[in-house]
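Report on one structure; see the data block that follows.
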Amino acid sequence: MAKKEIKTIGVLTSGGDAPGMNAAIRAVVRTALQKGLAVKGIMRGYAGLLAEEIVDMNRASVADCINKGGTILYTARCLEFTTPEGQKRGAEICRKHGIDGVVVIGGDGSFKGAGKLAALGINTIGIPGTIDLDIACTDYTVGFDTAVNTAMEAIDKIRDTSTSHERCSIIEVMGRRAGYIALWCGIANGAEEILIPEKYDGDEQAIVNRITEARKRGKKHYIIINAEGIGHSTSMARRIEAATGVETRATILGHMQRGGSPTCKDRVYASIMGAKAAELLAEGATNRVVAYKNGKYVDFDIQEALQMKKNIEEEEFMIATKMIN
């Protein structure tokens, strides 16, 4: 079967925002224009597609955005697009606006929508954009590096005041059901406990015992990194303080981890992924996800990518536990 000729592409960001999305958008737009394609920006993800919030984009549209966090196209979640009726209408709107292909920047949920558009005749390419690092087909996701550095810097500051007051501090980081931010911060910040959904057995008494023993050894502070997927940091802090007699505070870093100027890595990797996505569409490819795997930029079938499973690296977790003070 001959590949579909592509003349106009759209680009959207969907789901949670991630630093580096603007770098990816910029690369998509400028690479596509260089290849002679017209580019349209779809505002607010699939919700904006269904509302026909579609704008023409040129080189100037993405000027001075590579250093900015968030997404210049804005983002939203869209329940309607999870339905066959919504997906069909989305494809019809693409055709109405002359959009032959779409680059979708987001996570697994966004890729499911992209797969549905591909099945309805709209060429689609996905770029993994999520701070959670939980997309199985890729070793890198746009935004993770910035988010984990933001969290690391915040935890360093909390450690300073925790030491001054001889406290136990529980710091909750983002990651939904994935513990990658917590694990990396646990190693980078030298935490005494790393609680991630993939490994935590719920034995809070064991934590209490370790805090008590550490205090007997003269340790002045105790840092617990708690993944969002476990949560309940405030109530955990109250229980630990009651059981140990050590003043314990909870800090939930929350959405500050999504914001801020992206790191060099997020700008560069996102730019390369964006350029590759535009090139794939220009070649007539569809139903693909751009990935960074084993040191190379590659692409996978969307359905194949969605079926892959990803687990915390056992070696990384074991190293983290060995480093605990």
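Labels for the structure tokens follow display order: chains A, B, ..., residues from 1 in each chain, ligands from 1.
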
Query raised in the report: If you run DSSP on the backbone, which residues of segment 16-120 of chain A are strand (DSSP E), as a VMD selection string?
Result: chain A and resid 38 to 42 54 to 57 101 to 106

Query - Distance query Leu37 of chain A at most 9 Å, only C-alpha atoms, self and fewer than 3 positions along chain excluded, as an NGL selection string - result: :A and (6-9 or 31-34 or 282)

Query raised in the report: A:Ile127, A:Ile312, A:Val28, A:Ala18: which is nearest Ile196 of chain A, counting only C-alpha atoms?
Result: A:Ile312

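In this model, the gap between atom CA of Met43 of chain A and atom CA of Ser261 of chain A comes to 21.0 Å.
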
Report task. Write down as JSON, numbers by chain the residues of segment 164-230 of chain A whose backbone DSSP state falls under helix (DSSP H, G or I). Result -> {"A": [164, 180, 181, 182, 183, 184, 185, 186, 187, 188, 204, 205, 206, 207, 208, 209, 210, 211, 212, 213, 214, 215, 216]}
